[in-house]
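Novice: Next comes the structure file my_file-v7.txt, holding compact mmCIF, C-alpha atoms and all ligand atoms.
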# COMPACT_ATOMS: atom_id res chain seq x y z
CA MET B 444 -1.25 22.33 9.82
CA ASP B 445 0.92 21.50 6.82
CA LEU B 446 -0.60 18.69 4.77
CA ARG B 447 2.00 18.76 1.99
CA TYR B 448 4.76 16.16 1.89
CA THR B 449 8.38 17.15 1.30
CA GLU B 450 10.49 15.66 -1.50
CA GLN B 451 12.38 13.59 1.09
CA GLU B 452 9.11 12.22 2.47
CA GLY B 453 8.09 11.34 -1.09
CA HIS B 454 11.34 9.32 -1.52
CA PHE B 455 10.70 7.60 1.78
CA ARG B 456 7.20 6.58 0.60
CA ASP B 457 8.52 5.29 -2.76
CA GLU B 458 11.28 3.19 -1.14
CA LEU B 459 8.87 1.75 1.40
CA ARG B 460 6.32 0.91 -1.30
CA ALA B 461 8.98 -0.87 -3.35
CA TRP B 462 10.17 -2.85 -0.32
CA LEU B 463 6.62 -3.87 0.61
CA GLY B 464 6.02 -4.92 -3.00
CA ASP B 465 9.11 -7.18 -2.79
CA VAL B 466 8.54 -8.82 0.59
CA LEU B 467 4.78 -9.12 1.04
CA PRO B 468 4.22 -11.82 -1.61
CA ASN B 469 6.49 -14.09 0.48
CA VAL B 470 4.86 -13.40 3.85
CA PRO B 471 2.61 -16.33 4.84
CA PRO B 472 -1.09 -15.75 5.65
CA VAL B 473 -2.08 -14.77 9.21
CA PRO B 474 -2.61 -17.91 11.38
CA SER B 475 -6.30 -18.71 11.11
CA ASP B 476 -6.70 -19.95 14.71
CA HIS B 477 -6.92 -16.75 16.81
CA THR B 478 -6.67 -18.76 20.01
CA ASP B 479 -3.24 -20.18 19.11
CA LEU B 480 -1.21 -17.43 20.75
CA LYS B 481 2.14 -19.14 20.16
CA ALA B 482 1.45 -19.14 16.42
CA ARG B 483 0.36 -15.48 16.61
CA ARG B 484 3.54 -14.61 18.47
CA ALA B 485 5.71 -16.43 15.93
CA TYR B 486 3.92 -14.72 13.02
CA ASP B 487 4.11 -11.21 14.50
CA THR B 488 7.71 -11.50 15.67
CA ASP B 489 8.82 -12.90 12.28
CA TRP B 490 7.35 -9.80 10.64
CA GLN B 491 9.08 -7.61 13.24
CA ARG B 492 12.38 -9.30 12.38
CA LEU B 493 11.82 -8.55 8.66
CA LEU B 494 11.16 -4.90 9.49
CA TYR B 495 14.31 -4.84 11.61
CA GLU B 496 16.49 -6.29 8.89
CA ALA B 497 15.17 -3.77 6.36
CA GLY B 498 15.70 -0.80 8.73
CA TYR B 499 12.01 -0.13 9.34
CA ALA B 500 11.79 -1.36 12.96
CA GLY B 501 11.20 1.38 15.53
CA ILE B 502 10.44 3.76 12.72
CA HIS B 503 9.78 6.63 15.15
CA TRP B 504 12.39 5.65 17.73
CA PRO B 505 15.52 7.85 17.85
CA ALA B 506 18.46 6.46 15.82
CA GLU B 507 20.73 6.44 18.91
CA PHE B 508 18.43 3.76 20.40
CA GLY B 509 18.40 1.60 17.29
CA GLY B 510 15.33 3.12 15.64
CA ARG B 511 15.10 4.80 12.26
CA GLY B 512 14.71 8.27 13.75
CA SER B 513 11.92 9.15 11.33
CA THR B 514 9.83 12.27 11.66
CA PRO B 515 6.18 11.95 12.80
CA THR B 516 5.16 12.52 9.15
CA GLU B 517 7.33 9.61 7.97
CA HIS B 518 5.81 7.51 10.75
CA LEU B 519 2.36 8.40 9.39
CA ILE B 520 3.48 7.47 5.86
CA PHE B 521 4.77 4.16 7.23
CA LEU B 522 1.42 3.38 8.89
CA GLU B 523 -0.50 4.44 5.77
CA GLU B 524 1.59 2.43 3.30
CA THR B 525 1.84 -0.75 5.38
CA GLU B 526 -1.90 -0.73 6.01
CA ARG B 527 -2.75 -0.05 2.35
CA ALA B 528 -0.42 -2.82 1.23
CA GLY B 529 -2.06 -5.25 3.68
CA ALA B 530 1.17 -5.80 5.68
CA PRO B 531 0.92 -7.64 9.03
CA TYR B 532 -0.31 -5.65 12.01
CA VAL B 533 2.06 -4.89 14.92
CA GLY B 534 0.11 -7.57 16.91
CA VAL B 535 1.87 -9.01 19.97
CA ASN B 536 4.60 -6.38 19.57
CA PHE B 537 2.07 -3.63 20.28
CA VAL B 538 3.13 -2.86 23.86
CA GLY B 539 6.88 -3.19 23.28
CA GLN B 540 6.95 -1.18 20.06
CA LEU B 541 4.35 1.46 20.71
CA HIS B 542 4.61 2.29 24.39
CA ALA B 543 6.95 0.24 26.62
CA GLY B 544 9.96 0.83 24.32
CA PRO B 545 9.25 4.57 23.93
CA THR B 546 8.75 4.85 27.73
CA LEU B 547 12.13 3.16 28.33
CA ILE B 548 13.75 5.58 25.85
CA ALA B 549 12.28 8.53 27.73
CA GLU B 550 12.62 7.34 31.34
CA ALA B 551 14.92 4.31 31.79
CA ASN B 552 18.62 4.28 32.69
CA ASP B 553 21.39 3.22 30.30
CA GLU B 554 21.58 -0.41 31.54
CA GLN B 555 17.82 -0.86 31.17
CA ARG B 556 17.85 0.62 27.68
CA ALA B 557 20.81 -1.57 26.67
CA ALA B 558 19.07 -4.69 27.98
CA HIS B 559 15.65 -4.13 26.42
CA LEU B 560 15.46 -1.81 23.43
CA ALA B 561 17.35 -3.87 20.82
CA PRO B 562 15.51 -7.15 21.64
CA ILE B 563 12.16 -5.32 21.27
CA LEU B 564 13.22 -3.99 17.87
CA ARG B 565 14.43 -7.41 16.71
CA GLY B 566 11.16 -9.06 17.75
CA GLU B 567 12.92 -11.17 20.41
CA HIS B 568 11.15 -9.77 23.47
CA VAL B 569 7.38 -9.43 23.66
CA TRP B 570 5.94 -7.12 26.32
CA CYS B 571 2.56 -6.83 27.99
CA GLN B 572 0.94 -4.11 30.09
CA GLY B 573 0.08 -4.79 33.75
CA PHE B 574 -1.83 -1.61 34.61
CA SER B 575 -5.57 -2.38 35.08
CA GLU B 576 -6.85 -4.15 38.18
CA PRO B 577 -10.32 -5.50 38.96
CA GLY B 578 -11.10 -2.37 41.04
CA SER B 579 -8.92 0.12 39.15
CA GLY B 580 -9.43 0.87 35.47
CA SER B 581 -10.47 4.43 34.71
CA ASP B 582 -9.38 5.40 38.21
CA LEU B 583 -6.05 3.66 37.66
CA ALA B 584 -4.26 5.59 40.40
CA SER B 585 -6.37 3.74 43.00
CA LEU B 586 -4.50 0.48 42.18
CA SER B 587 -3.72 -1.78 45.10
CA THR B 588 -1.09 -4.28 43.88
CA ARG B 589 1.43 -3.88 46.68
CA ALA B 590 5.23 -3.83 46.48
CA ILE B 591 7.10 -4.29 49.78
CA ASP B 592 10.70 -3.13 50.01
CA ASP B 593 12.94 -6.08 50.85
CA GLY B 594 16.65 -5.35 50.40
CA GLU B 595 17.58 -5.63 46.73
CA ASP B 596 14.03 -6.55 45.69
CA TYR B 597 10.42 -5.47 45.76
CA VAL B 598 8.10 -8.27 46.85
CA VAL B 599 4.93 -7.80 44.79
CA THR B 600 1.48 -9.22 45.56
CA GLY B 601 -1.82 -8.40 43.85
CA GLN B 602 -3.97 -8.94 40.79
CA LYS B 603 -3.95 -7.43 37.31
CA ILE B 604 -6.65 -7.90 34.67
CA TRP B 605 -7.20 -7.47 30.90
CA THR B 606 -3.47 -8.08 30.40
CA SER B 607 -3.37 -8.57 26.62
CA PHE B 608 -0.90 -11.28 25.47
CA ALA B 609 0.37 -11.99 29.02
CA GLN B 610 0.44 -15.67 28.04
CA VAL B 611 3.19 -15.13 25.47
CA ALA B 612 4.99 -12.08 26.90
CA ASP B 613 8.59 -12.03 28.14
CA TYR B 614 8.30 -8.76 30.08
CA CYS B 615 5.58 -6.64 31.62
CA GLU B 616 5.36 -2.90 32.21
CA LEU B 617 3.94 -3.15 35.72
CA ILE B 618 2.67 -0.45 38.05
CA VAL B 619 2.55 -1.15 41.78
CA ARG B 620 1.85 0.67 45.03
CA THR B 621 5.06 1.29 46.96
CA ASP B 622 3.65 3.77 49.50
CA PRO B 623 0.10 3.04 50.69
CA ASP B 624 0.10 6.10 52.99
CA ALA B 625 0.88 8.69 50.31
CA PRO B 626 -1.88 10.39 48.24
CA LYS B 627 -2.86 7.82 45.59
CA HIS B 628 -0.95 9.40 42.67
CA ARG B 629 2.24 9.72 44.74
CA GLY B 630 2.71 6.15 45.98
CA ILE B 631 3.06 4.33 42.64
CA THR B 632 6.18 2.86 41.01
CA TRP B 633 6.75 1.64 37.40
CA LEU B 634 8.64 -1.68 37.17
CA ILE B 635 9.97 -4.01 34.48
CA MET B 636 8.73 -7.48 35.43
CA PRO B 637 10.25 -10.55 33.71
CA MET B 638 7.30 -12.87 33.09
CA ASP B 639 9.19 -16.04 34.11
CA LEU B 640 9.61 -15.03 37.78
CA PRO B 641 8.20 -17.43 40.42
CA GLY B 642 4.81 -16.36 41.82
CA ILE B 643 3.22 -15.20 38.53
CA GLU B 644 0.07 -17.05 37.51
CA ILE B 645 -1.66 -16.27 34.22
CA ARG B 646 -5.31 -17.22 33.72
CA PRO B 647 -6.68 -16.65 30.20
CA ILE B 648 -10.02 -14.84 29.81
CA ASP B 649 -12.28 -15.87 26.93
CA THR B 650 -13.77 -13.03 24.91
CA ALA B 651 -17.05 -12.75 23.03
CA LEU B 652 -15.02 -12.65 19.81
CA GLY B 653 -13.36 -15.98 20.62
CA SER B 654 -9.87 -14.46 20.56
CA GLY B 655 -7.70 -15.66 23.41
CA GLU B 656 -5.33 -12.78 24.12
CA PHE B 657 -6.83 -11.46 27.38
CA ALA B 658 -5.63 -12.72 30.74
CA GLU B 659 -5.80 -12.15 34.46
CA MET B 660 -2.43 -12.02 36.17
CA PHE B 661 -2.10 -13.10 39.81
CA LEU B 662 1.08 -12.03 41.58
CA ASP B 663 2.03 -13.84 44.78
CA GLU B 664 5.16 -12.50 46.46
CA VAL B 665 6.95 -12.00 43.16
CA ARG B 666 10.50 -10.77 43.80
CA ILE B 667 11.31 -8.03 41.30
CA PRO B 668 14.84 -6.60 41.57
CA LYS B 669 14.94 -2.90 42.40
CA ALA B 670 17.30 -2.56 39.44
CA ASN B 671 14.14 -3.04 37.32
CA ARG B 672 12.53 0.16 38.58
CA VAL B 673 12.05 2.82 35.89
CA GLY B 674 12.18 6.32 37.34
CA ALA B 675 12.25 7.04 41.05
CA GLU B 676 10.33 5.10 43.70
CA ASN B 677 6.83 6.62 44.10
CA ASP B 678 7.24 8.64 40.87
CA GLY B 679 5.56 5.94 38.76
CA TRP B 680 2.37 7.89 38.04
CA ARG B 681 4.38 10.45 36.08
CA VAL B 682 6.10 7.62 34.16
CA THR B 683 2.66 6.07 33.52
CA MET B 684 1.47 9.34 31.94
CA VAL B 685 4.47 9.12 29.59
CA THR B 686 3.37 5.58 28.65
CA PHE B 687 -0.22 6.74 28.03
CA ALA B 688 0.92 9.67 25.85
CA PHE B 689 2.63 7.16 23.53
CA GLU B 690 -0.21 4.62 23.73
CA ARG B 691 -3.06 7.04 22.93
CA GLY B 692 -1.03 9.03 20.42
CA THR B 693 -0.35 6.25 17.93
CA ALA B 694 -2.47 3.23 18.74
CA PHE B 695 -5.44 3.59 16.39
CA ILE B 696 -4.14 5.63 13.48
CA SER B 697 -3.54 2.79 11.05
CA GLU B 698 -7.11 1.58 11.65
CA ILE B 699 -8.57 4.49 9.65
CA ILE B 700 -7.44 2.92 6.40
CA SER B 701 -8.77 -0.53 7.30
CA SER B 702 -12.04 1.19 8.36
CA GLN B 703 -12.30 2.82 4.93
CA ARG B 704 -11.87 -0.61 3.38
CA LEU B 705 -14.53 -2.07 5.68
CA LEU B 706 -16.96 0.71 4.75
CA ALA B 707 -16.37 0.07 1.02
CA ASP B 708 -17.10 -3.63 1.71
CA LEU B 709 -20.32 -2.64 3.44
CA ALA B 710 -21.42 -0.69 0.35
CA GLN B 711 -20.88 -3.89 -1.68
CA VAL B 712 -22.83 -5.95 0.84
CA ALA B 713 -25.71 -3.42 0.63
CA ARG B 714 -25.94 -4.10 -3.12
CA LYS B 715 -26.36 -7.83 -2.42
CA VAL B 716 -28.72 -7.92 0.56
CA THR B 717 -32.20 -8.26 -0.87
CA ARG B 718 -35.24 -6.54 0.59
CA ARG B 719 -38.92 -6.97 -0.20
CA SER B 720 -38.24 -5.01 -3.37
CA GLY B 721 -34.67 -4.44 -4.58
CA THR B 722 -31.63 -4.37 -2.28
CA ALA B 723 -30.45 -2.43 0.80
CA TRP B 724 -28.57 -0.14 -1.59
CA ASP B 725 -31.92 1.18 -2.88
CA ASP B 726 -32.56 2.68 0.56
CA MET B 727 -31.54 6.33 0.23
CA GLY B 728 -31.07 6.63 4.02
CA ILE B 729 -28.47 3.85 3.95
CA ARG B 730 -26.62 5.41 1.00
CA ARG B 731 -26.61 8.80 2.74
CA GLU B 732 -25.17 7.31 5.95
CA LEU B 733 -22.49 5.43 3.98
CA GLY B 734 -21.46 8.69 2.33
CA ARG B 735 -21.46 10.58 5.63
CA LEU B 736 -19.28 7.98 7.35
CA ASP B 737 -16.86 7.94 4.42
CA ALA B 738 -16.53 11.72 4.68
CA GLU B 739 -15.99 11.46 8.45
CA LEU B 740 -13.22 8.89 7.99
CA ASP B 741 -11.60 11.31 5.52
CA ALA B 742 -11.91 14.07 8.09
CA LEU B 743 -10.31 11.82 10.73
CA TRP B 744 -7.36 11.22 8.43
CA SER B 745 -6.98 15.00 8.13
CA LEU B 746 -7.26 15.33 11.92
CA THR B 747 -4.47 12.77 12.22
CA LYS B 748 -2.29 14.80 9.89
CA ARG B 749 -3.05 17.89 11.97
CA ASN B 750 -2.04 16.05 15.17
CA VAL B 751 1.08 14.77 13.46
CA SER B 752 2.16 18.16 12.17
CA GLN B 753 1.57 19.53 15.68
CA ALA B 754 3.67 16.70 17.17
CA GLN B 755 6.38 17.52 14.64
CA ARG B 756 6.44 21.13 15.84
CA THR B 757 6.08 20.56 19.59
CA GLY B 758 7.41 17.00 20.11
CA MET B 759 4.16 16.01 21.92
CA VAL B 760 0.92 14.40 20.74
CA GLY B 761 -1.11 16.31 23.34
CA PRO B 762 -4.88 16.07 23.97
CA GLY B 763 -5.42 15.90 20.16
CA GLY B 764 -4.83 12.13 20.62
CA SER B 765 -7.92 12.01 22.87
CA VAL B 766 -10.02 13.99 20.35
CA PHE B 767 -8.99 11.50 17.69
CA LYS B 768 -9.69 8.41 19.78
CA LEU B 769 -13.08 9.70 20.86
CA ALA B 770 -14.17 10.66 17.33
CA TYR B 771 -12.80 7.44 15.84
CA SER B 772 -14.66 5.23 18.38
CA ASP B 773 -17.84 7.18 17.59
CA VAL B 774 -17.49 6.73 13.80
CA ARG B 775 -16.80 3.01 14.21
CA THR B 776 -19.83 2.63 16.50
CA ARG B 777 -22.05 4.25 13.87
CA MET B 778 -20.47 2.05 11.18
CA ALA B 779 -21.43 -1.00 13.23
CA ASP B 780 -24.99 0.36 13.66
CA LEU B 781 -25.22 0.86 9.91
CA ALA B 782 -23.91 -2.66 9.22
CA GLU B 783 -26.71 -3.98 11.41
CA ARG B 784 -29.26 -1.99 9.40
CA VAL B 785 -27.78 -3.14 6.08
CA LEU B 786 -27.47 -6.80 7.01
CA SER B 787 -30.69 -6.99 8.97
CA ARG B 788 -31.75 -10.67 9.09
CA ALA B 789 -29.01 -11.59 6.60
CA GLY B 790 -26.48 -10.90 9.40
CA LEU B 791 -27.52 -14.18 11.00
CA ALA B 792 -26.66 -16.10 7.84
CA ILE B 793 -23.54 -14.30 6.69
CA GLY B 794 -21.20 -16.71 4.93
CA GLU B 795 -24.11 -18.86 3.83
CA THR B 796 -26.69 -16.97 1.80
CA LEU B 797 -24.44 -14.01 1.06
CA ASP B 798 -21.27 -15.95 0.32
CA LEU B 799 -19.32 -13.18 1.97
CA SER B 800 -17.50 -15.20 4.58
CA GLU B 801 -14.46 -12.94 4.34
CA LEU B 802 -16.52 -10.03 5.60
CA ASP B 803 -16.77 -9.82 9.32
CA HIS B 804 -19.27 -7.07 9.94
CA VAL B 805 -20.89 -9.08 12.73
CA GLY B 806 -17.55 -9.61 14.51
CA GLN B 807 -16.70 -5.95 13.93
CA ARG B 808 -19.83 -4.99 15.88
CA ILE B 809 -18.28 -6.64 18.96
CA TYR B 810 -14.80 -5.33 18.24
CA THR B 811 -16.19 -1.79 18.06
CA LEU B 812 -17.31 -2.05 21.68
CA THR B 813 -13.70 -2.59 22.74
CA LEU B 814 -12.64 0.63 20.99
CA THR B 815 -14.73 2.67 23.41
CA ILE B 816 -12.93 1.05 26.39
CA ALA B 817 -9.30 0.19 25.53
CA ALA B 818 -6.58 2.77 26.32
CA GLY B 819 -9.08 4.82 28.37
CA THR B 820 -12.87 4.81 27.90
CA SER B 821 -14.75 7.38 25.81
CA GLU B 822 -16.00 9.04 29.02
CA ILE B 823 -12.43 9.46 30.21
CA GLN B 824 -11.39 10.91 26.81
CA ARG B 825 -14.32 13.36 27.14
CA ASN B 826 -13.01 14.37 30.57
CA ILE B 827 -9.53 14.96 29.09
CA VAL B 828 -10.91 17.02 26.19
CA GLY B 829 -13.19 18.97 28.54
CA GLU B 830 -10.51 19.74 31.09
CA ARG B 831 -7.37 20.17 29.00
CA LEU B 832 -8.73 21.62 25.76
CA LEU B 833 -11.93 23.40 26.77
CA GLY B 834 -10.83 24.49 30.24
CA LEU B 835 -13.95 23.09 31.94
CA PRO B 836 -13.89 22.40 35.73
CA LYS B 837 -12.05 19.22 36.76
CA ASP B 838 -13.86 15.87 37.15
CA ARG B 839 -14.26 15.07 40.85
C1 LIG L 901 -9.27 -4.45 23.95
C2 LIG L 901 -8.75 -4.06 25.30
C3 LIG L 901 -7.43 -4.29 25.63
C4 LIG L 901 -6.95 -3.98 26.90
N1 LIG L 901 -5.65 -4.29 27.20
C5 LIG L 901 -5.17 -3.98 28.42
C6 LIG L 901 -3.82 -4.34 28.79
O1 LIG L 901 -3.09 -4.95 28.00
N2 LIG L 901 -3.38 -4.02 30.01
C7 LIG L 901 -4.15 -3.34 30.92
O2 LIG L 901 -3.65 -3.04 32.00
N3 LIG L 901 -5.45 -3.02 30.62
C8 LIG L 901 -5.97 -3.33 29.41
N4 LIG L 901 -7.29 -3.05 29.10
C9 LIG L 901 -8.14 -2.50 30.16
C10 LIG L 901 -8.58 -1.05 29.94
O3 LIG L 901 -7.50 -0.16 30.11
C11 LIG L 901 -9.71 -0.78 30.93
O4 LIG L 901 -10.79 -1.65 30.61
C12 LIG L 901 -10.18 0.65 30.88
O5 LIG L 901 -9.21 1.53 31.41
C13 LIG L 901 -11.50 0.85 31.67
O6 LIG L 901 -11.40 0.37 32.96
P1 LIG L 901 -12.50 -0.63 33.57
O7 LIG L 901 -12.69 -1.74 32.59
O8 LIG L 901 -12.09 -0.98 34.94
O9 LIG L 901 -13.84 0.21 33.58
P2 LIG L 901 -14.29 1.21 34.73
O10 LIG L 901 -13.18 2.17 35.01
O11 LIG L 901 -14.86 0.45 35.86
O12 LIG L 901 -15.43 2.02 33.99
C14 LIG L 901 -16.79 1.54 33.93
C15 LIG L 901 -17.63 2.62 33.28
O13 LIG L 901 -17.65 3.81 34.09
C16 LIG L 901 -17.22 4.93 33.34
N5 LIG L 901 -16.45 5.87 34.16
C17 LIG L 901 -15.45 5.53 35.02
N6 LIG L 901 -14.92 6.66 35.57
C18 LIG L 901 -15.59 7.71 35.05
C19 LIG L 901 -15.50 9.14 35.21
N7 LIG L 901 -14.61 9.69 36.04
N8 LIG L 901 -16.36 9.90 34.49
C20 LIG L 901 -17.26 9.35 33.64
N9 LIG L 901 -17.40 8.00 33.45
C21 LIG L 901 -16.57 7.20 34.12
C22 LIG L 901 -16.34 4.35 32.24
O14 LIG L 901 -16.25 5.23 31.13
C23 LIG L 901 -17.06 3.06 31.92
O15 LIG L 901 -18.13 3.29 31.03
C24 LIG L 901 -7.80 -3.37 27.85
C25 LIG L 901 -9.15 -3.14 27.52
C26 LIG L 901 -9.63 -3.49 26.28
C27 LIG L 901 -11.08 -3.26 25.96
Could you take the file, read its structure, and then write that structure out as structure tokens?
Ligand SMILES: Cc1cc2nc3c(=O)[nH]c(=O)nc-3n(C[C@H](O)[C@H](O)[C@H](O)COP(=O)(O)OP(=O)(O)OC[C@H]3O[C@@H](n4cnc5c(N)ncnc54)[C@H](O)[C@@H]3O)c2cc1C

Specialist:
Amino acid sequence: MDLRYTEQEGHFRDELRAWLGDVLPNVPPVPSDHTDLKARRAYDTDWQRLLYEAGYAGIHWPAEFGGRGSTPTEHLIFLEETERAGAPYVGVNFVGQLHAGPTLIAEANDEQRAAHLAPILRGEHVWCQGFSEPGSGSDLASLSTRAIDDGEDYVVTGQKIWTSFAQVADYCELIVRTDPDAPKHRGITWLIMPMDLPGIEIRPIDTALGSGEFAEMFLDEVRIPKANRVGAENDGWRVTMVTFAFERGTAFISEIISSQRLLADLAQVARKVTRRSGTAWDDMGIRRELGRLDAELDALWSLTKRNVSQAQRTGMVGPGGSVFKLAYSDVRTRMADLAERVLSRAGLAIGETLDLSELDHVGQRIYTLTLTIAAGTSEIQRNIVGERLLGLPKDR
């Protein structure tokens, strides 16, 4: 691991800081209504456009495909500085920027790259991910959405679920079964599905947090041109593993800094929540746990740098991404437990008696649950770490 930054990386950080200092004061506040997905799309794609115009879009994409061609370390600096400065989150551009675009760079043909990469970078095309099905999540390879070969097209019928931002997406990275008789990993194909094709029905799913981005996607004889296939027919599982390597490698890194901020907020809350005598801050057990979690977040940042310097050497994130995701979900779960202990009954009245309406430790408790599920559950990450890093016998 090499934790030092080069002179060039230092310049990159300074330039980025100066640019963020110039533009952020003019960026409007995040739309307050989380259920207004059109407003969220407009906000996130406007920010993407600003990044594009300043040369920061696709920071880690190769320059020949319109990206900045930055090193993994510069990518880390970008995530660190934008998060510290309070810049908008990647939001609806998550799939396009972080895994569909990189998958197309690695696996698509020239026409597909020419049609899709630049619009993703400019914030013109929003993508969603049509992988999970009601009966196929962790065991994704058992998926049953069927694609029948019909001349120039595949005719696709089935159901997808948990499709984030399907309601406002232009394209979907879709995996389908093209050969039902082959072993389950060998009969899958990865397709680009335009979301305006006839036969696609989107039904929003309400979440406990009240955010409206989840949806079910029903596909009824949707005709997807074969020209939209990425990789060979029935080789889609391999392409899917490429998508996952990008998704798990980068998805949660920038959250460490916002988690540190949240933990500092919690320490402030502890000083205000009154107990029978004094405040929650007077409880030595709470102070000790706050300190421990702060140290663990620091350690996670170092682990990230280790993963990044490994990726710089080898070109791959590797199972280190799973170690990170597992440890990060665990720290956030314990942070949520601690927030419950600190807030105690005051948690029911937050925003009233505490006057801390900007703090969302109650909402974060629910959000934390999603961290242990999204992009592969904690159990699945444990399987990956056990099998690929520790050499334990394979999960049956
Ligand atoms: C915030 C969020 C966003 C998401 N966005 C998308 C999206 O945009 N597109 C998309 O396609 N999907 C999306 N998902 C779905 C996500 O990928 C799945 O929820 C996840 O893969 C788990 O699948 P499942 O829900 O079917 O749970 P299941 O696979 O049914 O798992 C149920 C439980 O069994 C455990 N389990 C399963 N198999 C094993 C095993 N072999 N060993 C040990 N334990 C096991 C799991 O860990 C879990 O606790 C999203 C999920 C979340 C939470």

Novice: Please identify every residue of chain B that has at least one atom no farther than 6 Å from an atom of ligand LIG 901 (chain L), counting all atoms listed in the file, and for each give the shortest atom pair and the distance in Å to one decimal, arranged by chain then increasing number, as a tab-separated table.

Specialist:
residue	atom	partner	partner_atom	distance
B:Cys571	CA	L:LIG901	O1	6.0
B:Gln572	CA	L:LIG901	N2	4.3
B:Gly573	CA	L:LIG901	O2	4.5
B:Phe574	CA	L:LIG901	O2	3.5
B:Ser575	CA	L:LIG901	O2	3.7
B:Ser579	CA	L:LIG901	O8	5.4
B:Gly580	CA	L:LIG901	O6	3.2
B:Ser581	CA	L:LIG901	O10	3.5
B:Asp582	CA	L:LIG901	O10	5.9
B:Trp605	CA	L:LIG901	C8	4.6
B:Thr606	CA	L:LIG901	O1	4.0
B:Ser607	CA	L:LIG901	O1	3.9
B:Thr813	CA	L:LIG901	C27	4.2
B:Ile816	CA	L:LIG901	C27	4.7
B:Ala817	CA	L:LIG901	C26	3.8
B:Ala818	CA	L:LIG901	O3	4.9
B:Gly819	CA	L:LIG901	O5	4.5
B:Thr820	CA	L:LIG901	O14	4.7
B:Ser821	CA	L:LIG901	O14	5.9
B:Glu822	CA	L:LIG901	O14	4.4
B:Ile823	CA	L:LIG901	O14	5.8

Novice: So that I can see what lies close to segment 723-735 of chain B, please list as number ranges by chain the residues with an atom at most 10 Å from it, counting all atoms listed in the file and leaving out residues fewer than 2 positions away in the same chain.

Specialist: B: 706-707, 709-721, 737-741, 774, 777-778, 781-782, 784-787

Novice: Work out how far atom CA of Pro641 of chain B is from atom CA of Asp613 of chain B, in Å to one decimal.

Specialist: 13.4 Å

Novice: For segment 550-560 of chain B, please output as a short mmCIF file (atom, residue, chain, number, x, y, z; two decimals) with C-alpha atoms, keeping the file's coordinate frame all residues within 8 Å (counting all atoms listed in the file; exclusion window: fewer than 6 positions along the same chain).

Specialist:
data_model
loop_
_atom_site.label_atom_id
_atom_site.label_comp_id
_atom_site.auth_asym_id
_atom_site.auth_seq_id
_atom_site.Cartn_x
_atom_site.Cartn_y
_atom_site.Cartn_z
CA PHE B 508 18.43 3.76 20.40
CA GLY B 509 18.40 1.60 17.29
CA GLY B 544 9.96 0.83 24.32
CA HIS B 568 11.15 -9.77 23.47
CA ASN B 671 14.14 -3.04 37.32
CA VAL B 673 12.05 2.82 35.89
CA GLY B 674 12.18 6.32 37.34
CA VAL B 682 6.10 7.62 34.16
#

Novice: Which one is closest to Arg589 of chain B: B:Thr488, B:Val665, B:Val569, B:Arg646? Count all atoms listed in the file.

Specialist: B:Val665

Novice: Given the choices B:Phe767, B:Trp744, B:Trp633, B:Phe608, which gets closest to Leu480 of chain B if the distance is worked out from all atoms listed in the file?

Specialist: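 Of B:Phe767, B:Trp744, B:Trp633, B:Phe608, the one nearest Leu480 of chain B, counting all atoms listed in the file, is B:Phe608.
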
Novice: One decimal, Å: what's the distance from atom CA of Ala506 of chain B over to atom CA of Ser752 of chain B, could you say?

Specialist: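 Atom-to-atom, atom CA of Ala506 of chain B and atom CA of Ser752 of chain B are spaced 20.4 Å apart.
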
Novice: Could you jot down the atom CA of Ile502 of chain B to atom CA of Glu526 of chain B separation for me, Å, one decimal place?

Specialist: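 So the answer is 14.7 Å.
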
Novice: What's around Thr546 of chain B at 7 Å? Count only C-alpha atoms, leave out sequence neighbours fewer than 3 positions away in its own chain, and write the answer as a PyMOL selection string.

Specialist: chain B and resi 542-543+549-550+685-686

Novice: Neighbours of Gly566 of chain B within 9 Å (only C-alpha atoms; same-chain residues fewer than 5 positions away dropped), as a list of chain:residue names?

Specialist: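 Here the qualifying residues turn out to be B:Asp487, B:Thr488, B:Asp489, B:Trp490, B:Gln491, B:Arg492, B:Tyr495, B:Asn536, B:Ala561.
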
Novice: Contacts of Gln451 of chain B at 12 Å or less, counting all atoms listed in the file, minus same-chain residues fewer than 3 places along, as a list in words?

Specialist: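 Non-adjacent residues within range: Arg447, Tyr448, His454, Phe455, Arg456, Asp457, Glu458, Ser513, Thr514, Thr516, Glu517 and Ile520 of chain B.
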
Novice: Name the residues within 6 Å of (-20.4, -3.5, 11.4), counting all atoms listed in the file in the file's coordinates, and put them as a list in words.

Specialist: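 The requested residues, written out, are Met778, Ala779, Ala782, His804, Val805, Gln807 and Arg808 of chain B.
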
Novice: Out of B:Glu507, B:Pro545, B:Leu812, B:Pro577, which residue has the shortest atom-to-atom distance to Thr650 of chain B when counting all atoms listed in the file?

Specialist: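 Among B:Glu507, B:Pro545, B:Leu812, B:Pro577, it is B:Leu812 that comes nearest to Thr650 of chain B.
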